[in-house]
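Data file: entry_37.cif. Format and content: mmCIF, C-alpha atoms.
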```cif
data_coords
loop_
_atom_site.label_atom_id
_atom_site.label_comp_id
_atom_site.auth_asym_id
_atom_site.auth_seq_id
_atom_site.Cartn_x
_atom_site.Cartn_y
_atom_site.Cartn_z
CA MET W 14 -21.75 -22.43 -30.51
CA LYS W 15 -23.81 -20.55 -27.92
CA SER W 16 -21.57 -21.87 -25.15
CA TYR W 17 -18.58 -20.28 -26.86
CA PHE W 18 -20.23 -16.86 -26.79
CA ILE W 19 -20.84 -17.32 -23.07
CA TYR W 20 -17.22 -18.36 -22.64
CA VAL W 21 -16.03 -15.22 -24.43
CA ARG W 22 -18.31 -13.00 -22.32
CA GLU W 23 -16.87 -14.53 -19.17
CA PHE W 24 -13.18 -14.61 -20.03
CA GLY W 25 -12.76 -12.34 -23.05
CA ASP W 26 -12.25 -8.94 -21.43
CA PRO W 27 -8.43 -8.83 -21.59
CA PHE W 28 -8.38 -10.01 -25.21
CA GLN W 29 -9.11 -8.55 -28.63
CA LEU W 30 -11.26 -9.69 -31.57
CA ASN W 31 -13.92 -11.14 -29.29
CA PHE W 32 -16.45 -11.00 -32.13
CA LEU W 33 -14.44 -13.77 -33.84
CA ASN W 34 -13.19 -15.61 -30.78
CA PRO W 35 -16.24 -17.93 -30.48
CA ILE W 36 -15.43 -19.30 -33.94
CA SER W 37 -11.79 -19.66 -32.96
CA LEU W 38 -12.74 -21.47 -29.75
CA TYR W 39 -14.80 -23.90 -31.82
CA ILE W 40 -11.79 -24.52 -34.06
CA ILE W 41 -9.59 -25.09 -31.01
CA ASP W 42 -11.96 -27.68 -29.56
CA ARG W 43 -12.65 -29.30 -32.90
CA LEU W 44 -8.97 -29.75 -33.71
CA LYS W 45 -8.00 -30.37 -30.06
CA LEU W 46 -5.31 -27.72 -30.29
CA MET W 47 -5.06 -27.22 -26.52
CA GLU W 48 -4.12 -30.86 -26.07
CA TYR W 49 -1.69 -30.77 -28.97
CA PHE W 50 0.13 -27.62 -27.81
CA SER W 51 -0.19 -28.14 -24.04
CA TYR W 52 3.42 -29.20 -23.52
CA LYS W 53 4.66 -26.28 -25.65
CA MET W 54 2.83 -23.59 -23.69
CA GLU W 55 4.62 -23.61 -20.34
CA SER W 56 6.15 -20.18 -20.88
CA LEU W 57 2.78 -18.78 -21.96
CA HIS W 58 1.17 -20.34 -18.89
CA VAL W 59 3.66 -18.63 -16.57
CA LYS W 60 3.21 -15.23 -18.19
CA LEU W 61 -0.58 -15.37 -18.18
CA GLN W 62 -0.54 -16.51 -14.57
CA PHE W 63 1.65 -13.54 -13.68
CA LEU W 64 -0.67 -11.11 -15.46
CA TYR W 65 -4.06 -12.49 -14.46
CA GLY W 66 -3.52 -14.85 -11.54
CA SER W 67 -3.72 -18.60 -11.24
CA GLU W 68 -7.52 -18.76 -10.94
CA LYS W 69 -8.20 -18.03 -14.62
CA VAL W 70 -4.95 -19.00 -16.27
CA ILE W 71 -6.38 -22.08 -18.05
CA PRO W 72 -9.34 -20.30 -19.74
CA TYR W 73 -7.15 -17.28 -20.47
CA LYS W 74 -4.61 -19.53 -22.15
CA LYS W 75 -7.38 -20.85 -24.37
CA MET W 76 -8.59 -17.32 -25.07
CA TYR W 77 -5.07 -16.26 -25.98
CA MET W 78 -4.87 -19.05 -28.55
CA ALA W 79 -8.32 -18.05 -29.83
CA GLN W 80 -7.08 -14.49 -30.24
CA ILE W 81 -4.18 -15.68 -32.40
CA ILE W 82 -6.53 -17.72 -34.59
CA SER W 83 -8.96 -14.80 -34.86
CA ALA W 84 -6.15 -12.46 -35.92
CA SER W 85 -5.03 -15.02 -38.51
CA ILE W 86 -8.59 -15.27 -39.85
CA CYS W 87 -8.78 -11.48 -40.16
CA MET W 88 -5.50 -11.41 -42.03
CA ILE W 89 -6.58 -14.19 -44.39
CA VAL W 90 -9.87 -12.40 -45.12
CA PHE W 91 -7.98 -9.16 -45.75
CA PHE W 92 -5.61 -10.76 -48.25
CA ILE W 93 -8.49 -12.54 -49.99
CA GLY W 94 -10.11 -9.13 -50.43
CA VAL W 95 -6.89 -7.65 -51.76
CA VAL W 96 -6.48 -10.52 -54.21
CA PHE W 97 -10.09 -10.13 -55.32
CA PHE W 98 -9.69 -6.43 -56.11
CA ILE W 99 -6.15 -6.19 -57.49
CA GLY W 100 -5.46 -9.75 -58.56
CA THR W 101 -3.07 -12.35 -57.30
CA SER W 102 0.70 -12.31 -57.45
CA ILE W 103 3.54 -14.34 -56.05
CA GLU W 104 4.85 -11.36 -54.09
CA LEU W 105 1.48 -10.84 -52.42
CA LEU W 106 1.20 -14.50 -51.49
CA VAL W 107 4.71 -14.48 -50.03
CA VAL W 108 3.97 -11.37 -47.97
CA GLY W 109 0.73 -12.88 -46.69
CA LEU W 110 2.45 -16.13 -45.76
CA ILE W 111 5.24 -14.30 -43.92
CA LEU W 112 2.73 -12.20 -41.98
CA LEU W 113 0.77 -15.29 -40.98
CA ILE W 114 3.94 -16.90 -39.67
CA VAL W 115 5.14 -13.76 -37.88
CA LEU W 116 1.76 -12.86 -36.34
CA PRO W 117 1.87 -15.29 -33.36
CA PHE W 118 5.38 -14.11 -32.51
CA LEU W 119 4.26 -10.47 -32.59
CA LEU W 120 1.35 -11.21 -30.27
CA TYR W 121 3.63 -13.15 -27.94
CA ARG W 122 6.13 -10.29 -27.95
CA GLU W 123 3.35 -7.90 -26.96
CA LEU W 124 2.48 -10.24 -24.09
CA VAL W 125 6.11 -10.33 -22.96
CA GLU W 126 6.24 -6.53 -23.00
CA ARG W 127 3.15 -6.39 -20.80
CA VAL W 128 4.75 -8.82 -18.36
CA ASN W 129 7.96 -6.79 -18.26
CA ARG W 130 5.99 -3.57 -17.79
CA LYS W 131 4.09 -5.04 -14.86
CA LYS W 132 7.34 -6.29 -13.31
CA ARG W 133 8.87 -2.84 -13.62
CA GLU W 134 5.83 -1.23 -12.02
CA ILE W 135 6.00 -3.65 -9.09
CA LEU W 136 9.74 -3.18 -8.59
CA MET W 137 9.45 0.60 -8.77
CA GLU W 138 6.69 0.69 -6.14
CA LEU W 139 8.01 -1.99 -3.77
CA PRO W 140 10.58 0.26 -2.01
CA ILE W 141 7.87 2.85 -1.31
CA LEU W 142 5.62 0.26 0.29
CA LEU W 143 8.50 -1.17 2.28
CA ASN W 144 9.35 2.31 3.58
CA LYS W 145 5.82 2.70 4.90
CA ILE W 146 5.96 -0.69 6.60
CA ALA W 147 9.38 0.03 8.11
CA LEU W 148 8.22 3.37 9.53
CA LEU W 149 5.21 1.76 11.19
CA VAL W 150 7.30 -1.09 12.59
CA ASN W 151 9.83 1.40 13.96
CA ALA W 152 6.91 3.17 15.63
CA GLY W 153 6.03 -0.05 17.46
CA GLU W 154 3.35 -1.47 15.16
CA GLN W 155 3.15 -5.22 14.61
CA ILE W 156 4.29 -6.28 11.16
CA GLN W 157 0.87 -7.64 10.17
CA ARG W 158 -0.90 -4.45 11.17
CA ALA W 159 1.83 -2.35 9.58
CA LEU W 160 1.40 -4.16 6.28
CA ILE W 161 -2.39 -3.80 6.32
CA LYS W 162 -2.24 -0.10 7.22
CA SER W 163 0.38 0.59 4.55
CA VAL W 164 -1.71 -1.04 1.85
CA GLU W 165 -5.05 0.41 2.94
CA SER W 166 -3.63 3.92 3.27
CA GLU W 167 -2.50 3.98 -0.35
CA LYS W 168 -4.45 6.75 -2.08
CA ARG W 169 -2.20 7.60 -5.02
CA ASN W 170 -2.83 4.50 -7.10
CA PRO W 171 -4.84 1.82 -5.28
CA ILE W 172 -5.19 -0.25 -8.47
CA HIS W 173 -1.43 -0.50 -8.90
CA PRO W 174 -0.43 -4.15 -9.57
CA LEU W 175 1.62 -4.33 -6.38
CA TYR W 176 -1.18 -3.01 -4.18
CA LEU W 177 -3.72 -5.29 -5.83
CA GLU W 178 -1.57 -8.25 -4.85
CA PHE W 179 -1.09 -6.98 -1.32
CA GLN W 180 -4.81 -6.33 -1.02
CA LYS W 181 -5.25 -10.09 -1.44
CA VAL W 182 -2.77 -10.60 1.39
CA CYS W 183 -4.70 -8.19 3.60
CA MET W 184 -7.93 -10.00 2.83
CA GLN W 185 -6.33 -13.32 3.73
CA LEU W 186 -5.03 -11.93 7.02
CA LYS W 187 -8.47 -10.58 7.89
CA ASN W 188 -9.90 -14.03 7.14
CA ASN W 189 -7.49 -15.56 9.67
CA VAL W 190 -5.11 -17.06 7.13
CA SER W 191 -1.69 -17.40 8.70
CA PHE W 192 0.78 -14.61 7.99
CA GLN W 193 3.36 -17.06 6.70
CA GLN W 194 0.94 -18.71 4.27
CA ALA W 195 -0.29 -15.36 2.96
CA LEU W 196 3.23 -14.13 2.23
CA GLU W 197 4.33 -17.42 0.69
CA GLU W 198 1.34 -17.35 -1.66
CA LEU W 199 2.14 -13.73 -2.51
CA SER W 200 5.68 -14.70 -3.45
CA GLN W 201 4.43 -17.56 -5.60
CA ARG W 202 1.83 -15.41 -7.36
CA ILE W 203 4.22 -12.61 -8.29
CA GLY W 204 7.30 -14.72 -8.92
CA ILE W 205 9.76 -11.80 -8.82
CA HIS W 206 13.10 -12.27 -7.09
CA GLU W 207 12.95 -9.01 -5.16
CA VAL W 208 9.46 -9.78 -3.85
CA SER W 209 10.67 -13.20 -2.72
CA ILE W 210 13.53 -11.54 -0.84
CA PHE W 211 11.00 -9.15 0.71
CA THR W 212 8.71 -11.94 1.93
CA ASN W 213 11.59 -14.15 3.10
CA THR W 214 13.15 -11.29 5.06
CA ILE W 215 9.89 -10.57 6.83
CA LEU W 216 9.15 -14.24 7.53
CA MET W 217 12.62 -14.85 8.95
CA ASN W 218 12.47 -11.88 11.29
CA TYR W 219 8.85 -11.12 12.14
CA ARG W 220 8.71 -13.58 15.05
CA ARG W 221 11.72 -11.90 16.63
CA GLY W 222 10.27 -8.44 16.19
CA GLY W 223 11.85 -5.42 17.78
CA GLU W 224 15.18 -4.07 16.64
CA GLN W 225 16.11 -7.10 14.55
CA LEU W 226 13.04 -6.75 12.32
CA SER W 227 13.50 -3.00 11.99
CA LEU W 228 17.14 -3.42 11.03
CA SER W 229 16.29 -6.06 8.42
CA LEU W 230 13.60 -3.86 6.91
CA ARG W 231 15.93 -0.85 6.74
CA THR W 232 18.65 -2.92 5.07
CA LEU W 233 16.23 -4.36 2.55
CA SER W 234 14.76 -0.93 1.91
CA HIS W 235 18.21 0.43 1.08
CA GLN W 236 18.83 -2.44 -1.35
CA LEU W 237 15.47 -1.98 -3.08
CA TRP W 238 15.95 1.77 -3.42
CA THR W 239 19.33 1.14 -5.01
CA SER W 240 17.71 -1.27 -7.46
CA ARG W 241 14.99 1.28 -8.16
CA LYS W 242 17.55 3.98 -8.97
CA THR W 243 19.41 1.60 -11.27
CA MET W 244 16.19 0.68 -13.05
CA ALA W 245 15.18 4.32 -13.43
CA ARG W 246 18.61 5.13 -14.87
CA THR W 247 18.31 2.23 -17.33
CA LEU W 248 14.84 3.33 -18.43
CA GLY W 249 16.13 6.85 -18.94
CA GLU W 250 18.98 5.61 -21.10
CA GLU W 251 16.58 3.49 -23.15
CA ALA W 252 14.30 6.47 -23.66
CA SER W 253 17.25 8.60 -24.78
CA SER W 254 18.39 5.98 -27.28
CA LYS W 255 14.88 5.77 -28.72
CA LEU W 256 14.90 9.52 -29.32
CA ILE W 257 18.08 9.50 -31.40
CA PHE W 258 16.45 8.46 -34.68
CA PRO W 259 13.54 10.96 -34.46
CA MET W 260 16.03 13.71 -33.59
CA ILE W 261 18.11 12.85 -36.65
CA LEU W 262 15.00 13.04 -38.84
CA VAL W 263 14.05 16.40 -37.35
CA PHE W 264 17.59 17.66 -37.88
CA ILE W 265 17.51 16.60 -41.55
CA VAL W 266 14.14 18.31 -42.05
CA VAL W 267 15.44 21.52 -40.43
CA ILE W 268 18.54 21.46 -42.63
CA LEU W 269 16.38 21.03 -45.73
CA VAL W 270 14.04 23.84 -44.72
CA VAL W 271 16.93 26.20 -44.00
CA ALA W 272 19.02 25.23 -47.00
CA ALA W 273 16.24 25.04 -49.59
CA PRO W 274 15.80 28.84 -50.04
CA ALA W 275 19.55 29.33 -50.42
CA ILE W 276 19.78 26.56 -53.02
CA LEU W 277 16.81 27.99 -54.94
CA MET W 278 18.36 31.47 -54.92
CA MET W 279 21.64 30.10 -56.25
CA ASN W 280 19.80 28.45 -59.11
#
```

Would you encode the structure as structure tokens?
Amino acid sequence: MKSYFIYVREFGDPFQLNFLNPISLYIIDRLKLMEYFSYKMESLHVKLQFLYGSEKVIPYKKMYMAQIISASICMIVFFIGVVFFIGTSIELLVVGLILLIVLPFLLYRELVERVNRKKREILMELPILLNKIALLVNAGEQIQRALIKSVESEKRNPIHPLYLEFQKVCMQLKNNVSFQQALEELSQRIGIHEVSIFTNTILMNYRRGGEQLSLSLRTLSHQLWTSRKTMARTLGEEASSKLIFPMILVFIVVILVVAAPAILMMN
């Protein structure tokens, strides 16, 4: 069991309920759940790899399963306590069973939302980074140096997901990894269509350099800014739609507050 506590200390930071996760890890190994569910976890594998990188995706996948089991244990203990204090009933058992079934889907939905949020952050920031690179290339800088300078000069949010990924690229370039390999690995790590277009555009044109590369970067920049505006508009519309229900509730409360004195006076 001690090894499971070490495992949680090493890989448990992004996850919750770490005080129970060693027990859950023991259950996973004892019942060989990773082997049983391995072929059913491809989608989970892809999402965890996108969030945390390929280096730790296997242990993080195991920790994610441990988190689900730990949450289920907490829920079971809670319902046992409720039954102990207020007695059992069919309705309570049905509610508990439904929650146990729904719980993994809720946790998976939360993971999907985190993936989508990270994708949005990357897509919103990518045009800004590309603008910096294009300006430096237009000024006569080599594309490799332009990329490194653009990433290293970022002061607003250096821990932004996009810049964290590009920092890995810069480190690879400084360690004499080929430019093509670094960008291809970047595209594979992120797995977003727009980033793939970005890397492919640079790789197809960086050897030519000069006006051709500058023109390609400007064209791509225009496309990405258009996508960014569309995404911002969509997010604004979603935010507006989410405010409709609270506004209706506030309107009803205001009507009641205003109308109540008049109704009382009439009575």

With distances taken over all atoms listed in the file, which of W:Phe97, W:Tyr17, W:Tyr77, W:Phe92 is nearest to W:Tyr121? W:Tyr77

Neighbours of W:Phe32 within 10 Å (all atoms listed in the file; same-chain residues fewer than 5 positions away dropped), as a list in words? Phe18, Val21, Gly25, Ser37 and Ser83 of chain W

Let me see the file: selected residues, C-alpha atoms, as an mmCIF file, in the coordinates of the input.
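This went into part.cif:
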```cif
data_model
loop_
_atom_site.group_PDB
_atom_site.id
_atom_site.type_symbol
_atom_site.label_atom_id
_atom_site.label_comp_id
_atom_site.auth_asym_id
_atom_site.auth_seq_id
_atom_site.Cartn_x
_atom_site.Cartn_y
_atom_site.Cartn_z
ATOM 1 C CA PHE W 18 -20.230 -16.860 -26.790
ATOM 2 C CA VAL W 21 -16.030 -15.220 -24.430
ATOM 3 C CA GLY W 25 -12.760 -12.340 -23.050
ATOM 4 C CA SER W 37 -11.790 -19.660 -32.960
ATOM 5 C CA SER W 83 -8.960 -14.800 -34.860
#
```

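Taking only C-alpha atoms into account, those protein, DNA and RNA residues with any atom at most 12 Å away from (-1.4, -9.7, -45.6) amount to Ala84, Ser85, Ile86, Cys87, Met88, Ile89, Val90, Phe91, Phe92, Ile93, Gly94, Val95, Val96, Glu104, Leu105, Leu106, Val107, Val108, Gly109, Leu110, Ile111, Leu112, Leu113, Ile114, Val115 and Leu116 of chain W.
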
Store the residues picked out above, limited to C-alpha atoms, as a tab-separated table (two decimals), in the coordinates of the input.
```
chain	number	residue	atom	x	y	z
W	84	ALA	CA	-6.15	-12.46	-35.92
W	85	SER	CA	-5.03	-15.02	-38.51
W	86	ILE	CA	-8.59	-15.27	-39.85
W	87	CYS	CA	-8.78	-11.48	-40.16
W	88	MET	CA	-5.50	-11.41	-42.03
W	89	ILE	CA	-6.58	-14.19	-44.39
W	90	VAL	CA	-9.87	-12.40	-45.12
W	91	PHE	CA	-7.98	-9.16	-45.75
W	92	PHE	CA	-5.61	-10.76	-48.25
W	93	ILE	CA	-8.49	-12.54	-49.99
W	94	GLY	CA	-10.11	-9.13	-50.43
W	95	VAL	CA	-6.89	-7.65	-51.76
W	96	VAL	CA	-6.48	-10.52	-54.21
W	104	GLU	CA	4.85	-11.36	-54.09
W	105	LEU	CA	1.48	-10.84	-52.42
W	106	LEU	CA	1.20	-14.50	-51.49
W	107	VAL	CA	4.71	-14.48	-50.03
W	108	VAL	CA	3.97	-11.37	-47.97
W	109	GLY	CA	0.73	-12.88	-46.69
W	110	LEU	CA	2.45	-16.13	-45.76
W	111	ILE	CA	5.24	-14.30	-43.92
W	112	LEU	CA	2.73	-12.20	-41.98
W	113	LEU	CA	0.77	-15.29	-40.98
W	114	ILE	CA	3.94	-16.90	-39.67
W	115	VAL	CA	5.14	-13.76	-37.88
W	116	LEU	CA	1.76	-12.86	-36.34
```

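Using only C-alpha atoms, the residues found no farther than 8 Å from W:Glu207, other than those of its own chain fewer than 4 positions away, are W:Leu136, W:Phe211, W:Leu237.
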
Of W:Arg122, W:Arg22, W:Arg43, W:Arg133, the one sitting nearest W:Thr247 when using all atoms listed in the file is W:Arg133
